[in-house]
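S.K.: Provided herewith: work-v3.txt, compact mmCIF, N, CA and C atoms.
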# COMPACT_ATOMS: atom_id res chain seq x y z
N GLU A 1 -0.52 11.55 -20.94
CA GLU A 1 -0.27 11.76 -19.53
C GLU A 1 -0.16 10.43 -18.81
N VAL A 2 0.89 10.27 -18.04
CA VAL A 2 1.08 9.04 -17.28
C VAL A 2 0.30 9.12 -15.97
N GLN A 3 -0.44 8.06 -15.69
CA GLN A 3 -1.18 7.99 -14.42
C GLN A 3 -1.06 6.60 -13.84
N LEU A 4 -0.87 6.54 -12.53
CA LEU A 4 -0.90 5.29 -11.79
C LEU A 4 -1.91 5.46 -10.67
N GLN A 5 -2.78 4.49 -10.52
CA GLN A 5 -3.85 4.55 -9.53
C GLN A 5 -3.80 3.29 -8.68
N ALA A 6 -3.37 3.45 -7.43
CA ALA A 6 -3.30 2.31 -6.51
C ALA A 6 -4.63 2.16 -5.78
N SER A 7 -5.03 0.92 -5.56
CA SER A 7 -6.27 0.65 -4.83
C SER A 7 -6.18 -0.72 -4.18
N GLY A 8 -7.17 -1.02 -3.34
CA GLY A 8 -7.25 -2.34 -2.73
C GLY A 8 -6.84 -2.41 -1.28
N GLY A 9 -6.40 -1.31 -0.72
CA GLY A 9 -6.02 -1.31 0.68
C GLY A 9 -7.23 -1.46 1.59
N GLY A 10 -6.96 -1.64 2.87
CA GLY A 10 -8.04 -1.77 3.83
C GLY A 10 -7.53 -2.24 5.17
N LEU A 11 -8.47 -2.63 6.02
CA LEU A 11 -8.16 -3.12 7.36
C LEU A 11 -8.29 -4.64 7.36
N VAL A 12 -7.28 -5.31 7.85
CA VAL A 12 -7.28 -6.78 7.87
C VAL A 12 -6.63 -7.25 9.16
N GLN A 13 -7.00 -8.42 9.61
CA GLN A 13 -6.39 -8.98 10.82
C GLN A 13 -5.06 -9.65 10.50
N THR A 14 -4.24 -9.81 11.51
CA THR A 14 -2.98 -10.53 11.36
C THR A 14 -3.23 -11.91 10.74
N GLY A 15 -2.42 -12.23 9.75
CA GLY A 15 -2.57 -13.50 9.04
C GLY A 15 -3.47 -13.43 7.83
N GLY A 16 -4.15 -12.31 7.66
CA GLY A 16 -5.06 -12.15 6.54
C GLY A 16 -4.35 -11.80 5.24
N SER A 17 -5.17 -11.56 4.21
CA SER A 17 -4.65 -11.27 2.88
C SER A 17 -5.35 -10.06 2.27
N LEU A 18 -4.63 -9.39 1.40
CA LEU A 18 -5.18 -8.32 0.59
C LEU A 18 -4.51 -8.38 -0.78
N ARG A 19 -5.22 -7.89 -1.80
CA ARG A 19 -4.60 -7.75 -3.11
C ARG A 19 -4.68 -6.28 -3.53
N LEU A 20 -3.54 -5.68 -3.71
CA LEU A 20 -3.48 -4.31 -4.19
C LEU A 20 -3.41 -4.30 -5.72
N SER A 21 -4.01 -3.28 -6.29
CA SER A 21 -3.98 -3.11 -7.74
C SER A 21 -3.37 -1.74 -8.06
N CYS A 22 -2.66 -1.69 -9.17
CA CYS A 22 -2.11 -0.44 -9.68
C CYS A 22 -2.51 -0.33 -11.14
N ALA A 23 -3.51 0.48 -11.41
CA ALA A 23 -3.97 0.70 -12.78
C ALA A 23 -3.09 1.76 -13.43
N VAL A 24 -2.56 1.42 -14.58
CA VAL A 24 -1.56 2.27 -15.24
C VAL A 24 -2.09 2.75 -16.59
N SER A 25 -1.87 4.01 -16.90
CA SER A 25 -2.19 4.53 -18.23
C SER A 25 -1.09 5.47 -18.66
N GLY A 26 -0.93 5.61 -19.99
CA GLY A 26 0.05 6.54 -20.53
C GLY A 26 1.46 5.98 -20.67
N LEU A 27 1.66 4.69 -20.36
CA LEU A 27 2.95 4.06 -20.56
C LEU A 27 2.73 2.56 -20.76
N THR A 28 3.75 1.90 -21.24
CA THR A 28 3.62 0.46 -21.49
C THR A 28 4.55 -0.32 -20.56
N PHE A 29 4.12 -1.50 -20.19
CA PHE A 29 4.94 -2.35 -19.34
C PHE A 29 6.20 -2.82 -20.07
N GLU A 30 6.17 -2.77 -21.38
CA GLU A 30 7.36 -3.15 -22.15
C GLU A 30 8.51 -2.17 -21.89
N ASP A 31 8.17 -0.94 -21.59
CA ASP A 31 9.20 0.10 -21.39
C ASP A 31 9.52 0.35 -19.92
N TYR A 32 8.54 0.18 -19.05
CA TYR A 32 8.68 0.60 -17.66
C TYR A 32 8.55 -0.57 -16.70
N ALA A 33 9.49 -0.69 -15.79
CA ALA A 33 9.30 -1.55 -14.64
C ALA A 33 8.39 -0.83 -13.65
N ILE A 34 7.59 -1.60 -12.93
CA ILE A 34 6.67 -1.05 -11.94
C ILE A 34 7.06 -1.57 -10.57
N GLY A 35 7.18 -0.66 -9.64
CA GLY A 35 7.53 -1.03 -8.28
C GLY A 35 6.43 -0.72 -7.30
N TRP A 36 6.42 -1.48 -6.20
CA TRP A 36 5.55 -1.18 -5.06
C TRP A 36 6.43 -0.71 -3.89
N PHE A 37 5.99 0.35 -3.25
CA PHE A 37 6.67 0.90 -2.10
C PHE A 37 5.67 1.00 -0.96
N ARG A 38 6.19 1.17 0.24
CA ARG A 38 5.30 1.45 1.36
C ARG A 38 6.00 2.41 2.31
N GLN A 39 5.18 3.15 3.03
CA GLN A 39 5.70 4.12 3.98
C GLN A 39 4.85 4.10 5.23
N ALA A 40 5.47 3.72 6.33
CA ALA A 40 4.80 3.74 7.63
C ALA A 40 5.06 5.09 8.28
N PRO A 41 4.22 5.50 9.21
CA PRO A 41 4.41 6.81 9.87
C PRO A 41 5.79 6.92 10.50
N GLY A 42 6.49 8.01 10.20
CA GLY A 42 7.79 8.26 10.78
C GLY A 42 8.93 7.47 10.17
N LYS A 43 8.64 6.73 9.09
CA LYS A 43 9.68 5.91 8.46
C LYS A 43 9.89 6.33 7.02
N GLU A 44 11.03 5.90 6.48
CA GLU A 44 11.34 6.17 5.09
C GLU A 44 10.47 5.31 4.17
N ARG A 45 10.27 5.79 2.97
CA ARG A 45 9.54 5.00 1.98
C ARG A 45 10.42 3.82 1.56
N GLU A 46 9.85 2.64 1.62
CA GLU A 46 10.61 1.39 1.42
C GLU A 46 10.16 0.70 0.13
N GLY A 47 11.09 0.36 -0.72
CA GLY A 47 10.77 -0.44 -1.90
C GLY A 47 10.59 -1.88 -1.51
N ILE A 48 9.45 -2.49 -1.86
CA ILE A 48 9.19 -3.86 -1.42
C ILE A 48 9.09 -4.86 -2.56
N SER A 49 8.76 -4.40 -3.77
CA SER A 49 8.66 -5.35 -4.87
C SER A 49 8.68 -4.61 -6.19
N CYS A 50 9.08 -5.32 -7.24
CA CYS A 50 9.17 -4.70 -8.56
C CYS A 50 8.97 -5.77 -9.62
N ILE A 51 8.43 -5.36 -10.76
CA ILE A 51 8.27 -6.29 -11.87
C ILE A 51 8.62 -5.59 -13.18
N ARG A 52 9.33 -6.30 -14.02
CA ARG A 52 9.72 -5.78 -15.34
C ARG A 52 9.25 -6.78 -16.38
N ASP A 53 8.27 -6.40 -17.17
CA ASP A 53 7.64 -7.33 -18.11
C ASP A 53 8.60 -7.75 -19.21
N LEU A 54 9.50 -6.86 -19.61
CA LEU A 54 10.36 -7.12 -20.76
C LEU A 54 11.20 -8.39 -20.58
N ASP A 55 11.69 -8.63 -19.38
CA ASP A 55 12.52 -9.81 -19.16
C ASP A 55 12.01 -10.70 -18.03
N GLY A 56 10.83 -10.38 -17.52
CA GLY A 56 10.23 -11.23 -16.49
C GLY A 56 10.81 -11.06 -15.11
N THR A 57 11.60 -10.03 -14.90
CA THR A 57 12.21 -9.80 -13.59
C THR A 57 11.15 -9.51 -12.53
N THR A 58 11.27 -10.16 -11.38
CA THR A 58 10.51 -9.78 -10.20
C THR A 58 11.48 -9.74 -9.02
N THR A 59 11.29 -8.77 -8.16
CA THR A 59 12.15 -8.64 -6.99
C THR A 59 11.29 -8.39 -5.76
N TYR A 60 11.84 -8.80 -4.61
CA TYR A 60 11.13 -8.63 -3.34
C TYR A 60 12.12 -8.24 -2.26
N ALA A 61 11.68 -7.35 -1.38
CA ALA A 61 12.45 -7.06 -0.19
C ALA A 61 12.40 -8.27 0.74
N ASP A 62 13.44 -8.43 1.53
CA ASP A 62 13.47 -9.57 2.46
C ASP A 62 12.26 -9.57 3.40
N SER A 63 11.78 -8.38 3.73
CA SER A 63 10.69 -8.27 4.69
C SER A 63 9.37 -8.84 4.17
N VAL A 64 9.25 -9.02 2.85
CA VAL A 64 8.00 -9.52 2.29
C VAL A 64 8.18 -10.79 1.48
N LYS A 65 9.41 -11.22 1.29
CA LYS A 65 9.69 -12.38 0.46
C LYS A 65 8.98 -13.62 1.02
N GLY A 66 8.32 -14.36 0.14
CA GLY A 66 7.59 -15.55 0.55
C GLY A 66 6.17 -15.28 0.98
N ARG A 67 5.82 -14.01 1.18
CA ARG A 67 4.45 -13.65 1.59
C ARG A 67 3.73 -12.83 0.53
N PHE A 68 4.47 -12.01 -0.20
CA PHE A 68 3.88 -11.13 -1.22
C PHE A 68 4.26 -11.64 -2.61
N THR A 69 3.35 -11.45 -3.56
CA THR A 69 3.60 -11.84 -4.95
C THR A 69 3.17 -10.71 -5.87
N ILE A 70 4.07 -10.30 -6.74
CA ILE A 70 3.76 -9.25 -7.71
C ILE A 70 3.46 -9.89 -9.06
N SER A 71 2.52 -9.31 -9.78
CA SER A 71 2.17 -9.82 -11.10
C SER A 71 1.59 -8.68 -11.92
N LEU A 72 1.43 -8.91 -13.21
CA LEU A 72 0.81 -7.87 -14.04
C LEU A 72 -0.09 -8.50 -15.09
N ASP A 73 -1.05 -7.73 -15.53
CA ASP A 73 -2.00 -8.13 -16.56
C ASP A 73 -1.93 -7.08 -17.66
N ASN A 74 -1.31 -7.44 -18.76
CA ASN A 74 -1.17 -6.49 -19.86
C ASN A 74 -2.51 -6.05 -20.43
N ALA A 75 -3.45 -6.97 -20.51
CA ALA A 75 -4.75 -6.64 -21.08
C ALA A 75 -5.49 -5.60 -20.25
N LYS A 76 -5.24 -5.60 -18.96
CA LYS A 76 -5.92 -4.65 -18.06
C LYS A 76 -5.01 -3.49 -17.67
N ASN A 77 -3.76 -3.49 -18.15
CA ASN A 77 -2.80 -2.44 -17.79
C ASN A 77 -2.71 -2.26 -16.27
N THR A 78 -2.65 -3.37 -15.59
CA THR A 78 -2.70 -3.35 -14.12
C THR A 78 -1.61 -4.25 -13.54
N VAL A 79 -0.99 -3.75 -12.49
CA VAL A 79 -0.02 -4.52 -11.71
C VAL A 79 -0.66 -4.83 -10.37
N TYR A 80 -0.46 -6.06 -9.91
CA TYR A 80 -1.06 -6.50 -8.66
C TYR A 80 0.03 -6.81 -7.63
N LEU A 81 -0.34 -6.67 -6.38
CA LEU A 81 0.50 -7.13 -5.28
C LEU A 81 -0.38 -7.96 -4.35
N GLN A 82 -0.22 -9.27 -4.43
CA GLN A 82 -0.94 -10.16 -3.54
C GLN A 82 -0.18 -10.26 -2.23
N MET A 83 -0.84 -9.92 -1.14
CA MET A 83 -0.19 -9.89 0.17
C MET A 83 -0.86 -10.91 1.08
N ASN A 84 -0.11 -11.91 1.47
CA ASN A 84 -0.61 -12.96 2.35
C ASN A 84 0.13 -12.94 3.68
N SER A 85 -0.43 -13.63 4.65
CA SER A 85 0.19 -13.73 5.98
C SER A 85 0.60 -12.36 6.51
N LEU A 86 -0.32 -11.44 6.44
CA LEU A 86 -0.02 -10.06 6.81
C LEU A 86 0.27 -9.94 8.30
N LYS A 87 1.17 -9.01 8.60
CA LYS A 87 1.60 -8.77 9.98
C LYS A 87 1.34 -7.30 10.33
N PRO A 88 1.24 -6.99 11.60
CA PRO A 88 1.05 -5.57 11.98
C PRO A 88 2.14 -4.66 11.41
N GLU A 89 3.35 -5.15 11.28
CA GLU A 89 4.43 -4.33 10.74
C GLU A 89 4.30 -4.07 9.24
N ASP A 90 3.33 -4.67 8.59
CA ASP A 90 3.03 -4.36 7.19
C ASP A 90 2.13 -3.13 7.06
N THR A 91 1.66 -2.62 8.18
CA THR A 91 0.80 -1.44 8.16
C THR A 91 1.56 -0.25 7.59
N ALA A 92 1.00 0.35 6.55
CA ALA A 92 1.65 1.47 5.86
C ALA A 92 0.74 1.97 4.75
N VAL A 93 1.14 3.08 4.17
CA VAL A 93 0.54 3.50 2.90
C VAL A 93 1.38 2.87 1.79
N TYR A 94 0.69 2.22 0.86
CA TYR A 94 1.36 1.52 -0.23
C TYR A 94 1.21 2.32 -1.52
N TYR A 95 2.33 2.45 -2.23
CA TYR A 95 2.38 3.21 -3.46
C TYR A 95 2.91 2.34 -4.59
N CYS A 96 2.41 2.59 -5.80
CA CYS A 96 3.05 1.99 -6.97
C CYS A 96 3.73 3.11 -7.75
N ALA A 97 4.76 2.74 -8.50
CA ALA A 97 5.56 3.73 -9.20
C ALA A 97 6.17 3.12 -10.45
N ALA A 98 6.42 3.96 -11.44
CA ALA A 98 7.03 3.54 -12.70
C ALA A 98 8.48 4.00 -12.72
N GLU A 99 9.37 3.05 -12.99
CA GLU A 99 10.80 3.33 -12.94
C GLU A 99 11.30 4.00 -14.21
N ASN A 100 12.27 4.86 -14.07
CA ASN A 100 12.95 5.48 -15.21
C ASN A 100 13.40 4.38 -16.18
N PRO A 101 12.94 4.42 -17.44
CA PRO A 101 13.26 3.33 -18.37
C PRO A 101 14.65 3.42 -18.98
N HIS A 102 15.39 4.49 -18.71
CA HIS A 102 16.68 4.72 -19.37
C HIS A 102 17.87 4.26 -18.54
N LEU A 103 17.61 3.57 -17.47
CA LEU A 103 18.68 3.09 -16.60
C LEU A 103 19.35 1.85 -17.20
N ASP A 104 20.59 1.60 -16.81
CA ASP A 104 21.30 0.41 -17.30
C ASP A 104 20.83 -0.86 -16.60
N THR A 105 20.38 -0.71 -15.38
CA THR A 105 19.82 -1.84 -14.64
C THR A 105 18.43 -1.45 -14.17
N HIS A 106 17.66 -2.42 -13.73
CA HIS A 106 16.24 -2.16 -13.48
C HIS A 106 15.76 -2.77 -12.17
N CYS A 107 14.55 -2.33 -11.78
CA CYS A 107 13.94 -2.79 -10.53
C CYS A 107 14.82 -2.44 -9.33
N HIS A 108 15.18 -1.18 -9.24
CA HIS A 108 15.89 -0.69 -8.08
C HIS A 108 14.94 -0.54 -6.91
N SER A 109 15.48 -0.63 -5.71
CA SER A 109 14.64 -0.49 -4.52
C SER A 109 14.54 0.95 -4.03
N GLY A 110 15.40 1.82 -4.53
CA GLY A 110 15.39 3.20 -4.08
C GLY A 110 14.34 4.03 -4.79
N ARG A 111 13.68 4.88 -4.08
CA ARG A 111 12.56 5.65 -4.62
C ARG A 111 12.98 6.63 -5.70
N TYR A 112 14.23 7.08 -5.70
CA TYR A 112 14.63 8.14 -6.61
C TYR A 112 14.87 7.65 -8.03
N TYR A 113 14.77 6.34 -8.23
CA TYR A 113 14.87 5.79 -9.59
C TYR A 113 13.52 5.80 -10.31
N TYR A 114 12.48 6.22 -9.62
CA TYR A 114 11.12 6.13 -10.15
C TYR A 114 10.59 7.50 -10.50
N ASP A 115 10.02 7.59 -11.70
CA ASP A 115 9.59 8.88 -12.25
C ASP A 115 8.14 9.22 -11.94
N TYR A 116 7.29 8.21 -11.94
CA TYR A 116 5.85 8.45 -11.81
C TYR A 116 5.31 7.65 -10.64
N TRP A 117 4.40 8.28 -9.90
CA TRP A 117 3.87 7.69 -8.67
C TRP A 117 2.36 7.73 -8.64
N GLY A 118 1.77 6.69 -8.06
CA GLY A 118 0.36 6.70 -7.75
C GLY A 118 0.13 7.40 -6.43
N GLN A 119 -1.13 7.51 -6.04
CA GLN A 119 -1.49 8.32 -4.88
C GLN A 119 -1.40 7.59 -3.54
N GLY A 120 -1.27 6.28 -3.53
CA GLY A 120 -1.16 5.53 -2.29
C GLY A 120 -2.48 4.97 -1.81
N THR A 121 -2.39 3.81 -1.16
CA THR A 121 -3.56 3.19 -0.57
C THR A 121 -3.16 2.66 0.81
N GLN A 122 -4.01 2.89 1.80
CA GLN A 122 -3.67 2.54 3.18
C GLN A 122 -3.94 1.06 3.45
N VAL A 123 -2.96 0.41 4.04
CA VAL A 123 -3.12 -0.96 4.52
C VAL A 123 -2.89 -0.95 6.02
N THR A 124 -3.86 -1.46 6.76
CA THR A 124 -3.76 -1.53 8.21
C THR A 124 -3.98 -2.97 8.65
N VAL A 125 -3.01 -3.51 9.38
CA VAL A 125 -3.10 -4.89 9.86
C VAL A 125 -3.23 -4.84 11.37
N SER A 126 -4.35 -5.33 11.87
CA SER A 126 -4.59 -5.30 13.31
C SER A 126 -4.06 -6.58 13.96
N SER A 127 -3.59 -6.41 15.20
CA SER A 127 -3.03 -7.57 15.93
C SER A 127 -4.10 -8.29 16.73
For the file at hand, write its structure as structure tokens.
M.R.:
Amino acid sequence: EVQLQASGGGLVQTGGSLRLSCAVSGLTFEDYAIGWFRQAPGKEREGISCIRDLDGTTTYADSVKGRFTISLDNAKNTVYLQMNSLKPEDTAVYYCAAENPHLDTHCHSGRYYYDYWGQGTQVTVSS
């Protein structure tokens, strides 16, 4: 059974940092790219970052580029999202997801390319 468990969210002031974790079981990073998404109230779920261990691909949305860093630890089966210089507009529920491994290209930003989802963790940035 595939499971993704996101954690690490919380309340932080503008300019602060948080590190989100996505603990993964039932699949290998060699086969699956892992993406981070976020969804603010009343908005669409937005793909913000992705990592593919097989070829070292990392991608970032323009809205987080230069502030967020994605990484993974194979020994711990965990993907991290280090978030620095947080802004109030980063407030959202953050989700991790495993991408369909059978695609010709990888690390898509659209949610429908992802087969498995974690439960989400709330990030709130106060002004």
S.K.: Identify the residues around (13.5, -0.7, -22.1) within a radius of 7 Å, measuring from all atoms listed in the file in the coordinates stated by the file, and give them as a PDB file with N, CA and C atoms, in the frame of the given file.
M.R.:
ATOM      1  N   GLU A  30       6.170  -2.770 -21.380  1.00  0.00           N
ATOM      2  CA  GLU A  30       7.360  -3.150 -22.150  1.00  0.00           C
ATOM      3  C   GLU A  30       8.510  -2.170 -21.890  1.00  0.00           C
ATOM      4  N   ASP A  31       8.170  -0.940 -21.590  1.00  0.00           N
ATOM      5  CA  ASP A  31       9.200   0.100 -21.390  1.00  0.00           C
ATOM      6  C   ASP A  31       9.520   0.350 -19.920  1.00  0.00           C
ATOM      7  N   TYR A  32       8.540   0.180 -19.050  1.00  0.00           N
ATOM      8  CA  TYR A  32       8.680   0.600 -17.660  1.00  0.00           C
ATOM      9  C   TYR A  32       8.550  -0.570 -16.700  1.00  0.00           C
ATOM     10  N   PRO A 101      12.940   4.420 -17.440  1.00  0.00           N
ATOM     11  CA  PRO A 101      13.260   3.330 -18.370  1.00  0.00           C
ATOM     12  C   PRO A 101      14.650   3.420 -18.980  1.00  0.00           C
ATOM     13  N   HIS A 102      15.390   4.490 -18.710  1.00  0.00           N
ATOM     14  CA  HIS A 102      16.680   4.720 -19.370  1.00  0.00           C
ATOM     15  C   HIS A 102      17.870   4.260 -18.540  1.00  0.00           C
TER      16      HIS A 102
END
S.K.: Take atom CA of A:Ser7 and atom N of A:Asp115 and report the distance between them in Å, one decimal.
M.R.: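 So the answer is 19.0 Å.
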S.K.: What does the structure give for the distance between atom CA of A:Gly9 and atom N of A:Gly56, in Å to one decimal?
M.R.: 26.4 Å
S.K.: In the coordinate frame of the file, compute which residues have an atom within 8 Å of (9.3, -9.3, -8.9) when using all atoms listed in the file, and state them as an MDAnalysis selection string.
M.R.: chainID A and resid 48:52 56:60 69:71
S.K.: Given only C-alpha atoms as the basis, pick out the residue of A:Gln13, A:Tyr95, A:Val125, A:Arg67 nearest to A:Gln82.
M.R.: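 Counting only C-alpha atoms, the residue closest to A:Gln82 is A:Arg67.
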S.K.: Quick one: residues within 6.5 Å of A:Lys87, all atoms listed in the file, excluding same-chain residues fewer than 4 positions away - as a count of residues only?
M.R.: 6
S.K.: Quick check, in Å to one decimal: how far apart do atom CA of A:Pro88 and atom CA of A:Ala40 lie?
M.R.: 10.9 Å
S.K.: Using all atoms listed in the file, which of A:Ser63, A:Tyr114, A:Cys22, A:Gln122 sits nearest A:Leu81?
M.R.: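 Between A:Ser63, A:Tyr114, A:Cys22, A:Gln122, the residue approaching A:Leu81 most closely is A:Cys22.
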S.K.: Just list as JSON, numbers by chain whatever in stretch 43-104 of chain A DSSP marks as strand (DSSP E or B).
M.R.: {"A": [46, 47, 48, 49, 50, 51, 52, 57, 58, 59, 60, 68, 69, 70, 71, 72, 73, 78, 79, 80, 81, 82, 83, 92, 93, 94, 95, 96, 97, 98, 99]}
S.K.: Go ahead and save the picked residues with N, CA and C atoms, as a PDB file, in the coordinates of the input.
M.R.:
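Printed below is result26.pdb as written:
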ATOM      1  N   GLU A  46       9.850   2.640   1.620  1.00  0.00           N
ATOM      2  CA  GLU A  46      10.610   1.390   1.420  1.00  0.00           C
ATOM      3  C   GLU A  46      10.160   0.700   0.130  1.00  0.00           C
ATOM      4  N   GLY A  47      11.090   0.360  -0.720  1.00  0.00           N
ATOM      5  CA  GLY A  47      10.770  -0.440  -1.900  1.00  0.00           C
ATOM      6  C   GLY A  47      10.590  -1.880  -1.510  1.00  0.00           C
ATOM      7  N   ILE A  48       9.450  -2.490  -1.860  1.00  0.00           N
ATOM      8  CA  ILE A  48       9.190  -3.860  -1.420  1.00  0.00           C
ATOM      9  C   ILE A  48       9.090  -4.860  -2.560  1.00  0.00           C
ATOM     10  N   SER A  49       8.760  -4.400  -3.770  1.00  0.00           N
ATOM     11  CA  SER A  49       8.660  -5.350  -4.870  1.00  0.00           C
ATOM     12  C   SER A  49       8.680  -4.610  -6.190  1.00  0.00           C
ATOM     13  N   CYS A  50       9.080  -5.320  -7.240  1.00  0.00           N
ATOM     14  CA  CYS A  50       9.170  -4.700  -8.560  1.00  0.00           C
ATOM     15  C   CYS A  50       8.970  -5.770  -9.620  1.00  0.00           C
ATOM     16  N   ILE A  51       8.430  -5.360 -10.760  1.00  0.00           N
ATOM     17  CA  ILE A  51       8.270  -6.290 -11.870  1.00  0.00           C
ATOM     18  C   ILE A  51       8.620  -5.590 -13.180  1.00  0.00           C
ATOM     19  N   ARG A  52       9.330  -6.300 -14.020  1.00  0.00           N
ATOM     20  CA  ARG A  52       9.720  -5.780 -15.340  1.00  0.00           C
ATOM     21  C   ARG A  52       9.250  -6.780 -16.380  1.00  0.00           C
ATOM     22  N   THR A  57      11.600 -10.030 -14.900  1.00  0.00           N
ATOM     23  CA  THR A  57      12.210  -9.800 -13.590  1.00  0.00           C
ATOM     24  C   THR A  57      11.150  -9.510 -12.530  1.00  0.00           C
ATOM     25  N   THR A  58      11.270 -10.160 -11.380  1.00  0.00           N
ATOM     26  CA  THR A  58      10.510  -9.780 -10.200  1.00  0.00           C
ATOM     27  C   THR A  58      11.480  -9.740  -9.020  1.00  0.00           C
ATOM     28  N   THR A  59      11.290  -8.770  -8.160  1.00  0.00           N
ATOM     29  CA  THR A  59      12.150  -8.640  -6.990  1.00  0.00           C
ATOM     30  C   THR A  59      11.290  -8.390  -5.760  1.00  0.00           C
ATOM     31  N   TYR A  60      11.840  -8.800  -4.610  1.00  0.00           N
ATOM     32  CA  TYR A  60      11.130  -8.630  -3.340  1.00  0.00           C
ATOM     33  C   TYR A  60      12.120  -8.240  -2.260  1.00  0.00           C
ATOM     34  N   PHE A  68       4.470 -12.010  -0.200  1.00  0.00           N
ATOM     35  CA  PHE A  68       3.880 -11.130  -1.220  1.00  0.00           C
ATOM     36  C   PHE A  68       4.260 -11.640  -2.610  1.00  0.00           C
ATOM     37  N   THR A  69       3.350 -11.450  -3.560  1.00  0.00           N
ATOM     38  CA  THR A  69       3.600 -11.840  -4.950  1.00  0.00           C
ATOM     39  C   THR A  69       3.170 -10.710  -5.870  1.00  0.00           C
ATOM     40  N   ILE A  70       4.070 -10.300  -6.740  1.00  0.00           N
ATOM     41  CA  ILE A  70       3.760  -9.250  -7.710  1.00  0.00           C
ATOM     42  C   ILE A  70       3.460  -9.890  -9.060  1.00  0.00           C
ATOM     43  N   SER A  71       2.520  -9.310  -9.780  1.00  0.00           N
ATOM     44  CA  SER A  71       2.170  -9.820 -11.100  1.00  0.00           C
ATOM     45  C   SER A  71       1.590  -8.680 -11.920  1.00  0.00           C
ATOM     46  N   LEU A  72       1.430  -8.910 -13.210  1.00  0.00           N
ATOM     47  CA  LEU A  72       0.810  -7.870 -14.040  1.00  0.00           C
ATOM     48  C   LEU A  72      -0.090  -8.500 -15.090  1.00  0.00           C
ATOM     49  N   ASP A  73      -1.050  -7.730 -15.530  1.00  0.00           N
ATOM     50  CA  ASP A  73      -2.000  -8.130 -16.560  1.00  0.00           C
ATOM     51  C   ASP A  73      -1.930  -7.080 -17.660  1.00  0.00           C
ATOM     52  N   THR A  78      -2.650  -3.370 -15.590  1.00  0.00           N
ATOM     53  CA  THR A  78      -2.700  -3.350 -14.120  1.00  0.00           C
ATOM     54  C   THR A  78      -1.610  -4.250 -13.540  1.00  0.00           C
ATOM     55  N   VAL A  79      -0.990  -3.750 -12.490  1.00  0.00           N
ATOM     56  CA  VAL A  79      -0.020  -4.520 -11.710  1.00  0.00           C
ATOM     57  C   VAL A  79      -0.660  -4.830 -10.370  1.00  0.00           C
ATOM     58  N   TYR A  80      -0.460  -6.060  -9.910  1.00  0.00           N
ATOM     59  CA  TYR A  80      -1.060  -6.500  -8.660  1.00  0.00           C
ATOM     60  C   TYR A  80       0.030  -6.810  -7.630  1.00  0.00           C
ATOM     61  N   LEU A  81      -0.340  -6.670  -6.380  1.00  0.00           N
ATOM     62  CA  LEU A  81       0.500  -7.130  -5.280  1.00  0.00           C
ATOM     63  C   LEU A  81      -0.380  -7.960  -4.350  1.00  0.00           C
ATOM     64  N   GLN A  82      -0.220  -9.270  -4.430  1.00  0.00           N
ATOM     65  CA  GLN A  82      -0.940 -10.160  -3.540  1.00  0.00           C
ATOM     66  C   GLN A  82      -0.180 -10.260  -2.230  1.00  0.00           C
ATOM     67  N   MET A  83      -0.840  -9.920  -1.140  1.00  0.00           N
ATOM     68  CA  MET A  83      -0.190  -9.890   0.170  1.00  0.00           C
ATOM     69  C   MET A  83      -0.860 -10.910   1.080  1.00  0.00           C
ATOM     70  N   ALA A  92       1.000   0.350   6.550  1.00  0.00           N
ATOM     71  CA  ALA A  92       1.650   1.470   5.860  1.00  0.00           C
ATOM     72  C   ALA A  92       0.740   1.970   4.750  1.00  0.00           C
ATOM     73  N   VAL A  93       1.140   3.080   4.170  1.00  0.00           N
ATOM     74  CA  VAL A  93       0.540   3.500   2.900  1.00  0.00           C
ATOM     75  C   VAL A  93       1.380   2.870   1.790  1.00  0.00           C
ATOM     76  N   TYR A  94       0.690   2.220   0.860  1.00  0.00           N
ATOM     77  CA  TYR A  94       1.360   1.520  -0.230  1.00  0.00           C
ATOM     78  C   TYR A  94       1.210   2.320  -1.520  1.00  0.00           C
ATOM     79  N   TYR A  95       2.330   2.450  -2.230  1.00  0.00           N
ATOM     80  CA  TYR A  95       2.380   3.210  -3.460  1.00  0.00           C
ATOM     81  C   TYR A  95       2.910   2.340  -4.590  1.00  0.00           C
ATOM     82  N   CYS A  96       2.410   2.590  -5.800  1.00  0.00           N
ATOM     83  CA  CYS A  96       3.050   1.990  -6.970  1.00  0.00           C
ATOM     84  C   CYS A  96       3.730   3.110  -7.750  1.00  0.00           C
ATOM     85  N   ALA A  97       4.760   2.740  -8.500  1.00  0.00           N
ATOM     86  CA  ALA A  97       5.560   3.730  -9.200  1.00  0.00           C
ATOM     87  C   ALA A  97       6.170   3.120 -10.450  1.00  0.00           C
ATOM     88  N   ALA A  98       6.420   3.960 -11.440  1.00  0.00           N
ATOM     89  CA  ALA A  98       7.030   3.540 -12.700  1.00  0.00           C
ATOM     90  C   ALA A  98       8.480   4.000 -12.720  1.00  0.00           C
ATOM     91  N   GLU A  99       9.370   3.050 -12.990  1.00  0.00           N
ATOM     92  CA  GLU A  99      10.800   3.330 -12.940  1.00  0.00           C
ATOM     93  C   GLU A  99      11.300   4.000 -14.210  1.00  0.00           C
TER      94      GLU A  99
END
S.K.: Have a look at A:Tyr116, A:Glu1, A:Tyr80, A:Arg38 and name the one nearest to A:Gly26; count only C-alpha atoms.
M.R.: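 Using only C-alpha atoms, A:Gly26 sits closest to A:Glu1.
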